[in-house]
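Undergrad: Here you go, one structure.
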Amino acid sequence: MAIPFSRPLALSQGDPAGIGPDITLMAWLRRRELGLPPFFLIGDPDVLALRARQLNLAVSIRETDNASKAAGMFADALPVMTIPAGIEVVAGEPHAATAKGTIAAIEKAVSLVINGEALAVVTNPIAKAVLYEAGFRFPGHTEFLADLAARATGRPVTPVMMLSGPKLRAIPVTIHIPVRDVPQALTGELIMETCRIAHEDLRQRFGIEAPRLAVAGLNPHAGEGGAIGKEDEDVIRPAIERLRDEGVDAIGPLPADTMFHDEARARYDVAVCMYHDQALIPAKALGFDDSVNVTLGLPFVRTSPDHGTAFGIAGKGLAREQSLVAALKLAAQLGRSAESRR
């Protein structure tokens with residue numbers, strides 16, 4: 001039986017030419033079977049209706065301008081707060097003209113959650129290259145959400161990206177930057193701030209009383225005592241030692257090639273990695289369909305599927321909704337946890 005929720009989730013459409021519309025429709029169709037929390041989409045209802053016809057999905061789509069009303073209609077129709085796509089959207093054919101609507105949908109979702117009208121933000125995948133063509137100045141979703149949070153609260157926000165799956169939670173300290181820039185970007189303060197936020201959010205939102213953090217080294221074999229790079233001993237190890245002095249249960253730097261087998265994963269609650277692929281490759285390999293992208297450090301809950309726009313399969317009936325389903329469920333869980341502490 002589905003658990004009743006006081007407020008619905010705000011789901012942004014993502015790039016309308018990608019699989020966001022597909023998986024949204026598919027998730028809603030399984031709402032009763034999976035006991036999904038109520039959600040409403042922020043995007044273009046015409047895109048959804050066209051995609052439903054292409055996929056031969058019988059979905060009733062109903063427009064609304066009120067989150068509370070959306071929760072009430074969720075059982076019988078997929079609620080949509082309308083933001084036009086900007087052009088007639090063709091599945092699998094991204095266009096910069098849709099960028100304005102994609103960005104506005106994210107902004108609207110954040111605004112509704114900060115104002116208390118929605119429980120949490122869930123974002124469908126965006127195509128950063130498409131947004132860049134329209135002047136988008138952020139490396140990705142994570143950084144944009146942090147900027148929106150800072151503007152809304154007047155306080156600086158440090159976002160931390162975490163992939164959360166049934167077998168692994170993994171965090172990259174540096175995110176959307178070239179690999180060649182990682183050594184210069186890594187600082188002791190950045191590592192410590194990332195670990196502090198992870199420690200606090202795992203306690204407060206995930207209910208892990210004493211989180212265990214396994215911190216990866218940057219270089220092969222965690223630098224082999226300085227023989228294969230100096231960053232592990234000069235930057236990462238001192239940061240871990242200071243964290244331990246603060247009461248954070250962090251170990252490392254650990255060789256990344258031995259951190260992710262079954263026995264190793266049993267010894268920690270989250271792997272803190274030094275760059276994007278070091279974290280996301282094992283996270284996706286161990287749970288591609290059921291892992292969730294969670295942004296820690298925000299004053300609201302935000303989750304997302306762990307995959308991209310997949311333009312090549314949009315509108316073809318090949319997309320899988322499992323990661324979005326997992327993102328919706330986790331957003332509701334974390335949102336209810338935040339509610340219970342108020």
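Chains: A, B, ... in order of the structure tokens. Residues: from 1 per chain. Ligands: from 1, in order shown.
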Counting only C-alpha atoms, what is within 9 Å of A:Gly287, bar same-chain residues fewer than 2 positions away, as a list in words?
TA: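 Here the qualifying residues turn out to be Ser164, Gly165, Pro166, Lys167, Leu168, Pro282, Ala283, Lys284, Ala285, Asp289, Asp290 and Ser291 of chain A.
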Undergrad: Extract the full set of strand (DSSP E or B) residues from stretch 43-115 of chain A according to DSSP on the backbone, and format it as a list in words.
TA: Gly43, Ile61, Arg62, Glu63, Leu78, Pro79, Val80, Met81, Thr82, Val90 and Glu93 of chain A
Undergrad: Separation of atom CA of A:Ala58 and atom CA of A:Ile87, in Å?
TA: 24.1 Å
Undergrad: Considering only C-alpha atoms, return as a PyMOL selection string whatever protein or nucleic-acid residues lie within 12 Å of A:Ala97, sequence-local ones (same chain, fewer than 2 positions apart) excluded.
TA: chain A and resi 15-17+84-89+93-95+99-103+130-135
Undergrad: Near A:Gln13, within 10 Å and counting only C-alpha atoms, which residues show up once chain neighbours fewer than 5 positions away are dropped, as an MDAnalysis selection string?
TA: chainID A and resid 18:21 24 40:45 47:48 80 83 85 101:103 105:106 122:126
Undergrad: Any idea what's packed within 12 Å of stretch 208-211 of chain A, counting only C-alpha atoms, ignoring anything in its chain fewer than 4 positions away? Could you give it as a CSV table (one decimal) with N, CA and C atoms, in the first residue's frame?
TA:
chain,number,residue,atom,x,y,z
A,169,ARG,N,27.2,3.8,-2.6
A,169,ARG,CA,27.1,5.3,-2.6
A,169,ARG,C,28.5,5.8,-3.0
A,195,CYS,N,33.6,16.0,2.4
A,195,CYS,CA,33.4,14.9,3.4
A,195,CYS,C,32.5,15.4,4.5
A,196,ARG,N,32.6,16.6,4.9
A,196,ARG,CA,31.8,17.1,6.0
A,196,ARG,C,30.3,17.1,5.6
A,197,ILE,N,30.0,17.6,4.4
A,197,ILE,CA,28.7,17.6,3.9
A,197,ILE,C,28.1,16.2,3.7
A,198,ALA,N,28.9,15.3,3.2
A,198,ALA,CA,28.5,13.9,3.1
A,198,ALA,C,28.2,13.3,4.5
A,199,HIS,N,29.1,13.6,5.4
A,199,HIS,CA,28.9,13.1,6.8
A,199,HIS,C,27.5,13.6,7.4
A,200,GLU,N,27.3,14.9,7.2
A,200,GLU,CA,26.1,15.5,7.8
A,200,GLU,C,24.8,15.0,7.1
A,201,ASP,N,24.8,15.0,5.8
A,201,ASP,CA,23.6,14.6,5.1
A,201,ASP,C,23.3,13.1,5.3
A,202,LEU,N,24.3,12.2,5.3
A,202,LEU,CA,24.1,10.8,5.6
A,202,LEU,C,23.5,10.6,7.0
A,203,ARG,N,23.9,11.5,7.9
A,203,ARG,CA,23.3,11.4,9.3
A,203,ARG,C,21.8,12.0,9.3
A,204,GLN,N,21.7,13.2,8.8
A,204,GLN,CA,20.4,13.9,8.9
A,204,GLN,C,19.3,13.4,7.9
A,247,GLY,N,36.1,14.3,14.2
A,247,GLY,CA,35.1,13.3,14.5
A,247,GLY,C,34.4,12.6,13.4
A,248,VAL,N,34.9,12.9,12.1
A,248,VAL,CA,34.4,12.3,10.9
A,248,VAL,C,35.1,10.9,10.7
A,249,ASP,N,34.4,9.9,10.6
A,249,ASP,CA,35.0,8.5,10.4
A,249,ASP,C,35.4,8.4,9.0
A,250,ALA,N,36.6,8.9,8.6
A,250,ALA,CA,37.1,8.8,7.2
A,250,ALA,C,38.4,8.0,7.2
A,251,ILE,N,38.5,7.1,6.2
A,251,ILE,CA,39.8,6.3,6.1
A,251,ILE,C,40.3,6.6,4.7
A,267,ARG,N,32.7,-2.3,4.3
A,267,ARG,CA,33.3,-1.6,5.4
A,267,ARG,C,33.1,-0.1,5.4
A,268,TYR,N,32.3,0.4,4.4
A,268,TYR,CA,32.0,1.8,4.5
A,268,TYR,C,30.6,2.1,4.0
A,269,ASP,N,30.1,3.3,4.2
A,269,ASP,CA,28.8,3.8,3.8
A,269,ASP,C,28.8,4.6,2.5
A,270,VAL,N,29.9,5.2,2.3
A,270,VAL,CA,30.1,6.0,1.0
A,270,VAL,C,31.5,6.1,0.6
A,271,ALA,N,31.7,6.0,-0.7
A,271,ALA,CA,33.1,6.1,-1.3
A,271,ALA,C,33.3,7.6,-1.7
Undergrad: Please return, as a ChimeraX atom specification, all residues of stretch 94-268 of chain A that DSSP assigns to alpha helix (DSSP H) on the basis of the backbone.
TA: /A:99-114,128-133,141-153,182-185,188-204,231,237-245,262-265
Undergrad: List as a list in words the protein and nucleic acid residues near stretch 235-245 of chain A, meaning an atom at most 9 Å away when only C-alpha atoms are counted, but skip any in the same chain fewer than 3 places from it.
TA: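 Contacts, with the query itself left out: Leu186, Thr187, Gly188, Glu189, Ile191, Met192, Cys195, Arg196, Val215, Ala216, Gly217, Leu218, Lys230, Glu231, Asp232, Val248, Asp249, Ala250, Ile251, Gly252 and Pro253 of chain A.
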Undergrad: Suppose you want the space between atom CA of A:Asn56 and atom CA of A:Asp76; what is it in Å?
TA: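 Taking atom CA of A:Asn56 and atom CA of A:Asp76, their separation equals 18.0 Å.
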Undergrad: With only C-alpha atoms as the basis for distance, which of A:Met73, A:Leu34, A:Val173, A:Leu11 is at the shortest distance from A:Leu280?
TA: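 Result for the nearest residue to A:Leu280: A:Val173.
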Undergrad: Need to verify the contact set: A:Pro255, 12 Å, only C-alpha atoms, exclusion of same-chain residues closer than 6 positions in sequence. Can you return it as a list in words?
TA: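 Non-adjacent residues within range: Ala214, Val215, Ala216, Gly217, Leu218, Asn219, Pro220, His221, Ala222, Gly223, Glu224, Gly225, Ile228, Asp232, Ala264, Ala271, Val272, Cys273, Met274 and Gln278 of chain A.
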Undergrad: Using only C-alpha atoms for the distances, tell me which of A:Arg51, A:Lys69, A:Lys108, A:Lys128 is nearest to A:Thr82.
TA: A:Lys108
Undergrad: Pick from A:Gly116, A:Ala67, A:Asp234, A:Gly297: nearest to A:Pro183, with only C-alpha atoms counted?
TA: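 Under the stated criterion, the closest residue is A:Asp234.
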Undergrad: Which one of A:Arg205, A:Arg302, A:Arg32, A:His307 sits closest to A:Ser323 if you count only C-alpha atoms?
TA: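 Distance minimum relative to A:Ser323 lands on A:His307.
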Undergrad: From the options A:His261, A:Arg31, A:Arg7, A:Arg320, which residue's atoms come nearest to A:Ala118, counting only C-alpha atoms?
TA: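 For A:Ala118, the nearest of the given residues is A:Arg7.
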Undergrad: Just the number, please: distance in Å from atom CA of A:Ala10 to atom CA of A:Ala71, one decimal.
TA: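 Answer for the atom CA of A:Ala10 to atom CA of A:Ala71 separation: 10.4 Å.
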Undergrad: Pick out the closest residue to A:Ala327 from this set: A:Gly92, A:Pro172, A:Leu163, A:Leu286. Count only C-alpha atoms.
TA: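 Ranking A:Gly92, A:Pro172, A:Leu163, A:Leu286 by distance to A:Ala327, first place goes to A:Leu163.
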Undergrad: Per residue of stretch 25-135 of chain A within 8 Å of stretch 148-155 of chain A, which atom pair is closest and at what distance in Å (one decimal), using only C-alpha atoms, listed by chain and increasing number, as a tab-separated table?
TA:
residue	atom	partner	partner_atom	distance
A:Glu107	CA	A:Leu148	CA	7.3
A:Val110	CA	A:Leu148	CA	7.4
A:Ile114	CA	A:Ala152	CA	7.8
Undergrad: Restricting it to all heavy atoms, dump the selection as a PDB file, in the first residue's frame.
TA:
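out.pdb was written with the following content:
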ATOM      1  N   GLU A 107      14.034  25.868 -12.588  1.00  0.00           N
ATOM      2  CA  GLU A 107      13.839  27.014 -11.683  1.00  0.00           C
ATOM      3  C   GLU A 107      12.484  26.939 -10.984  1.00  0.00           C
ATOM      4  O   GLU A 107      12.374  27.203  -9.780  1.00  0.00           O
ATOM      5  CB  GLU A 107      13.956  28.315 -12.471  1.00  0.00           C
ATOM      6  CG  GLU A 107      15.358  28.589 -12.995  1.00  0.00           C
ATOM      7  CD  GLU A 107      15.425  29.787 -13.919  1.00  0.00           C
ATOM      8  OE1 GLU A 107      14.406  30.076 -14.588  1.00  0.00           O
ATOM      9  OE2 GLU A 107      16.499  30.425 -13.988  1.00  0.00           O
ATOM     10  N   VAL A 110      12.489  24.202  -8.202  1.00  0.00           N
ATOM     11  CA  VAL A 110      13.199  24.653  -7.003  1.00  0.00           C
ATOM     12  C   VAL A 110      12.356  25.665  -6.235  1.00  0.00           C
ATOM     13  O   VAL A 110      12.239  25.590  -5.001  1.00  0.00           O
ATOM     14  CB  VAL A 110      14.573  25.249  -7.380  1.00  0.00           C
ATOM     15  CG1 VAL A 110      15.211  25.952  -6.180  1.00  0.00           C
ATOM     16  CG2 VAL A 110      15.493  24.162  -7.915  1.00  0.00           C
ATOM     17  N   ILE A 114      11.200  25.294  -2.319  1.00  0.00           N
ATOM     18  CA  ILE A 114      11.637  26.278  -1.329  1.00  0.00           C
ATOM     19  C   ILE A 114      10.435  26.981  -0.688  1.00  0.00           C
ATOM     20  O   ILE A 114      10.432  27.280   0.515  1.00  0.00           O
ATOM     21  CB  ILE A 114      12.598  27.290  -1.976  1.00  0.00           C
ATOM     22  CG1 ILE A 114      13.951  26.601  -2.238  1.00  0.00           C
ATOM     23  CG2 ILE A 114      12.803  28.511  -1.077  1.00  0.00           C
ATOM     24  CD1 ILE A 114      14.980  27.475  -2.922  1.00  0.00           C
TER      25      ILE A 114
END
